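Visitor: Following this message is one structure expressed as structure tokens.
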Amino acid sequence: GDHFTVTGRKIQLCVQALEEVEQYDLVDRDVQVKAFLHEARGMLLQMARAVGINEDICDDIRWISDMSYGVESMKSYVQIIHTRISKDPSNVSLLQGFFLKLSSSLDGPVERLKQLNSPEAVRITDYYSSQLVAFVRNVLEIVPVSVFAIMVQMSDIIERRLQRLPLKVQGDKLIAYAQLGERYKLAMMAHEISIFADGILEMENTVIGGAQVNPRKLLDEGLRKELVSHVSELLNNLLQFDFSASSETVASMIKHQATTMRSLTSLSGRLEGFQVALECVEDYVCMHGLKMWHEELSRIMNYNVEQEVN
């Protein structure tokens, strides 16, 4: 108790010293330094509150946050969680506490084994950890799916509605290229994606048993998975040609060539729309959109070439 009191007083003196430093003229005129001092005072006050937490409080929190009783029932709530996140992207930020609470469910199955110092405790912990990590992935899967669904809408606007901006534009024709309505829709979609991304990027790495869950990595993997799925489906739908060997006449070959060129032109426009949409939102989701695009497109092409060769 005395140790906590002495430490709390030292922290209080540090906070008071920082407040006095802020009164100096040079410091008072520097906005950045004042912001750093304010942040430091906030952290010190948080430390002062944490110092007063004793073992009894930790035990109470541990019992209150125990989630081992509701692990199985949580699976039935996944669809509800997905629906809420789809309707309100800001709900993503609430998942951090849910995952931390869920990680406490690992203590129940292995508690007696740990008390007996059983060598099987580590193996069983790893098993339950893998199950919980799979559950976390399932819950967070809605985020990249929702983000990419918005990106598909953005690519549709970019490809079909936005006019190509030439290198030189006359001043009286700028209003025709502005297309404020379409650009406003793109901005609103980018904002919605940023809300999804903020909820994920604000999450810290969560340790579940012996496994560490990195939400940013899950977002990157999910976006790559959706990108591969959509591009593969697009290639499969548009690159279908019907040219029978029995109709090898000049007219039929010209017709086939025209059909092929229309398909390739349509495919080029859709792929370019995807690429531009990725470049538009890469800053909002903290990823290298163009790098992801080239890597996954190359992987798709190499896979299909390998299938054709085999």
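Order determines the names: the first chain of the structure tokens is A, the second B, and so forth; residues in each chain are numbered 1 upward, and ligands are numbered 1 upward as they are shown.
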So that each row is one residue of stretch 183-300 of chain A with an atom at most 7 Å from stretch 78-98 of chain A, can you give its shortest atom pair and the distance in Å to one decimal, using only C-alpha atoms, rows by chain and rising number, as a tab-separated table?
Guide:
```
residue	atom	partner	partner_atom	distance
A:Ile195	CA	A:Pro89	CA	6.0
A:Phe196	CA	A:Pro89	CA	5.2
A:Gly199	CA	A:Ser93	CA	4.2
A:Ile200	CA	A:Val92	CA	6.7
A:Met203	CA	A:Gln96	CA	5.9
```
Visitor: So that I have them on file, write out the residues from the current selection with C-alpha atoms, as a compact mmCIF listing (two decimals), in the first residue's frame.
Guide:
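Wrote selection36.txt, looks like this:
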```txt
# COMPACT_ATOMS: atom_id res chain seq x y z
CA ILE A 195 -14.53 3.74 -41.25
CA PHE A 196 -14.21 -0.01 -41.82
CA GLY A 199 -11.96 -0.08 -36.78
CA ILE A 200 -9.47 -2.74 -37.87
CA MET A 203 -7.13 -2.89 -32.95
```
Visitor: Please provide the set of residues having any atom within 12 Å of stretch 160-166 of chain A, restricted to only C-alpha atoms, with same-chain residues fewer than 6 positions apart removed, written as a short mmCIF file (atom, residue, chain, number, x, y, z; two decimals) with C-alpha atoms, in the first residue's frame.
Guide:
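So the final result, stored in result.cif, reads:
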```cif
data_model
loop_
_atom_site.label_atom_id
_atom_site.label_comp_id
_atom_site.auth_asym_id
_atom_site.auth_seq_id
_atom_site.Cartn_x
_atom_site.Cartn_y
_atom_site.Cartn_z
CA GLN A 153 -19.29 -0.10 -56.83
CA MET A 154 -16.48 2.46 -57.09
CA LYS A 173 -15.30 22.56 -70.76
CA LEU A 174 -13.99 21.91 -67.24
CA ILE A 175 -17.49 21.83 -65.79
CA ALA A 176 -18.36 18.94 -68.11
CA TYR A 177 -15.46 16.89 -66.74
CA ALA A 178 -16.13 17.80 -63.10
CA GLN A 179 -19.07 15.39 -62.69
CA LEU A 180 -19.60 16.49 -59.11
CA GLY A 181 -22.38 13.98 -58.44
CA GLU A 182 -20.28 10.94 -59.33
CA ARG A 183 -17.22 12.26 -57.51
CA TYR A 184 -19.33 12.92 -54.42
CA LYS A 185 -20.50 9.30 -54.49
CA LEU A 186 -16.89 8.15 -54.79
CA SER A 266 -14.95 -4.91 -71.73
CA GLY A 269 -12.28 -1.55 -68.76
CA ARG A 270 -13.41 -3.61 -65.76
CA GLU A 272 -8.77 -0.88 -65.06
CA GLY A 273 -11.74 0.13 -62.88
CA VAL A 276 -8.08 2.62 -60.07
#
```
Visitor: At a cut-off of 10 Å, can you tabulate as a Markdown table every residue of stretch 253-296 of chain A near stretch 220-230 of chain A together with its closest atom pair and the distance in Å to one decimal, using only C-alpha atoms and ordering rows by chain then number?
Guide:
```
| residue | atom | partner | partner_atom | distance |
| --- | --- | --- | --- | --- |
| A:Phe274 | CA | A:Leu227 | CA | 8.7 |
| A:Leu278 | CA | A:Leu227 | CA | 9.7 |
| A:Val285 | CA | A:Asp220 | CA | 8.9 |
| A:Cys286 | CA | A:Asp220 | CA | 9.3 |
| A:Met287 | CA | A:Asp220 | CA | 7.4 |
| A:His288 | CA | A:Asp220 | CA | 9.7 |
| A:Gly289 | CA | A:Arg224 | CA | 10.0 |
| A:Met292 | CA | A:Arg224 | CA | 7.2 |
| A:Trp293 | CA | A:Leu227 | CA | 8.1 |
| A:Glu295 | CA | A:Arg224 | CA | 9.4 |
| A:Glu296 | CA | A:Val228 | CA | 6.4 |
```
Visitor: As JSON, numbers by chain, please: all residues of stretch 234-270 of chain A that backbone DSSP puts in alpha helix (DSSP H).
Guide: {"A": [234, 235, 236, 237, 238, 250, 251, 252, 253, 254, 255, 256, 257, 258, 259, 260, 261, 262, 263, 264, 265, 266, 267, 268, 269, 270]}
Visitor: Report as CSV: every residue of stretch 12-35 of chain A with an atom at most 9 Å from stretch 44-66 of chain A, its closest pair of atoms, and their distance in Å to one decimal, counting only C-alpha atoms, with rows sorted by chain and ascending residue number.
Guide:
```
residue,atom,partner,partner_atom,distance
A:Gln12,CA,A:Ala48,CA,7.7
A:Cys14,CA,A:Leu44,CA,7.9
A:Val15,CA,A:Leu44,CA,6.8
```
Visitor: Nearest to A:Val143 among A:Arg216, A:Ser129, A:Leu167, A:Pro119, with distances taken over only C-alpha atoms: which residue is it?
Guide: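 Closest residue, counting only C-alpha atoms: A:Arg216.
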Visitor: For A:Val231, list every protein, DNA or RNA residue within 9 Å, evaluated using only C-alpha atoms, and leave out those in the same chain fewer than 6 positions away; present the list as a tab-separated table (two decimals) with C-alpha atoms, in the first residue's frame.
Guide:
```tsv
chain	number	residue	atom	x	y	z
A	271	LEU	CA	-9.86	-4.49	-64.73
A	274	PHE	CA	-10.63	-2.34	-60.18
A	297	LEU	CA	-3.05	-10.50	-61.01
A	300	ILE	CA	-3.98	-15.53	-61.21
```
Visitor: Using atom CA of A:Asn138 and atom CA of A:Lys75 as the two end points, give the distance in Å to one decimal.
Guide: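 Those two atoms sit 9.6 Å apart.
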Visitor: Within 12 Å of A:Ala134, counting only C-alpha atoms, which residues qualify if same-chain residues fewer than 2 places away don't, as a PyMOL selection string?
Guide: chain A and resi 75+99+127-132+136-141+208+211-213+218
Visitor: Using atom CA of A:Thr260 and atom CA of A:Glu306 as the two end points, give the distance in Å to one decimal.
Guide: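 Computing the Euclidean distance for atom CA of A:Thr260 and atom CA of A:Glu306 yields 22.9 Å.
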Visitor: Could you list, as a CSV table (one decimal) with all heavy atoms, in the first residue's frame, every residue within 8 Å of A:Ile193, counting only C-alpha atoms and ignoring same-chain residues fewer than 3 positions away?
Guide:
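The result, written out as part_2.csv:
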```
chain,number,residue,atom,x,y,z
A,147,VAL,N,-15.6,-4.1,-47.6
A,147,VAL,CA,-14.8,-3.1,-48.2
A,147,VAL,C,-14.7,-3.4,-49.7
A,147,VAL,O,-14.8,-2.4,-50.5
A,147,VAL,CB,-13.4,-3.2,-47.6
A,147,VAL,CG1,-12.4,-2.4,-48.4
A,147,VAL,CG2,-13.4,-2.6,-46.2
A,150,ILE,N,-17.8,-2.4,-51.7
A,150,ILE,CA,-17.8,-1.0,-52.0
A,150,ILE,C,-16.9,-0.6,-53.1
A,150,ILE,O,-17.2,0.2,-54.0
A,150,ILE,CB,-17.5,-0.2,-50.7
A,150,ILE,CG1,-18.5,-0.4,-49.6
A,150,ILE,CG2,-17.4,1.3,-51.0
A,150,ILE,CD1,-18.1,0.1,-48.2
A,189,MET,N,-18.2,6.8,-50.7
A,189,MET,CA,-17.7,5.4,-50.6
A,189,MET,C,-16.4,5.2,-50.0
A,189,MET,O,-16.1,4.3,-49.1
A,189,MET,CB,-17.8,4.7,-52.0
A,189,MET,CG,-19.1,4.6,-52.6
A,189,MET,SD,-19.0,3.9,-54.3
A,189,MET,CE,-20.8,3.9,-54.7
A,190,ALA,N,-15.4,6.1,-50.3
A,190,ALA,CA,-14.1,6.1,-49.7
A,190,ALA,C,-14.2,6.4,-48.2
A,190,ALA,O,-13.4,5.7,-47.4
A,190,ALA,CB,-13.2,7.1,-50.4
A,196,PHE,N,-14.5,1.4,-42.0
A,196,PHE,CA,-14.2,0.0,-41.8
A,196,PHE,C,-12.7,-0.2,-41.4
A,196,PHE,O,-12.4,-0.9,-40.5
A,196,PHE,CB,-14.5,-0.8,-43.1
A,196,PHE,CG,-15.9,-1.2,-43.3
A,196,PHE,CD1,-16.7,-0.6,-44.3
A,196,PHE,CD2,-16.5,-2.2,-42.5
A,196,PHE,CE1,-18.0,-1.0,-44.5
A,196,PHE,CE2,-17.8,-2.6,-42.6
A,196,PHE,CZ,-18.6,-2.0,-43.6
A,197,ALA,N,-11.9,0.5,-42.2
A,197,ALA,CA,-10.4,0.3,-42.0
A,197,ALA,C,-10.0,0.8,-40.6
A,197,ALA,O,-9.1,0.2,-40.0
A,197,ALA,CB,-9.7,1.0,-43.1
A,281,VAL,N,-8.3,3.9,-52.7
A,281,VAL,CA,-8.6,3.6,-51.3
A,281,VAL,C,-7.3,3.1,-50.5
A,281,VAL,O,-7.4,2.8,-49.3
A,281,VAL,CB,-9.7,2.6,-51.1
A,281,VAL,CG1,-11.0,3.1,-51.8
A,281,VAL,CG2,-9.3,1.2,-51.7
A,284,TYR,N,-6.5,4.8,-47.3
A,284,TYR,CA,-7.5,4.7,-46.3
A,284,TYR,C,-7.3,3.4,-45.5
A,284,TYR,O,-7.7,3.3,-44.3
A,284,TYR,CB,-8.9,4.8,-46.8
A,284,TYR,CG,-9.2,6.1,-47.5
A,284,TYR,CD1,-9.2,6.3,-48.9
A,284,TYR,CD2,-9.5,7.3,-46.7
A,284,TYR,CE1,-9.5,7.5,-49.5
A,284,TYR,CE2,-9.8,8.5,-47.3
A,284,TYR,CZ,-9.8,8.6,-48.7
A,284,TYR,OH,-10.0,9.8,-49.3
A,285,VAL,N,-6.9,2.4,-46.2
A,285,VAL,CA,-6.7,1.1,-45.5
A,285,VAL,C,-5.2,0.7,-45.3
A,285,VAL,O,-4.9,-0.4,-44.9
A,285,VAL,CB,-7.4,-0.1,-46.4
A,285,VAL,CG1,-8.9,0.1,-46.5
A,285,VAL,CG2,-6.8,-0.1,-47.8
```
Visitor: How far is it from atom CA of A:Ser155 to atom CA of A:Asp198, in Å with one decimal?
Guide: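 Separating atom CA of A:Ser155 from atom CA of A:Asp198 is a distance of 21.8 Å.
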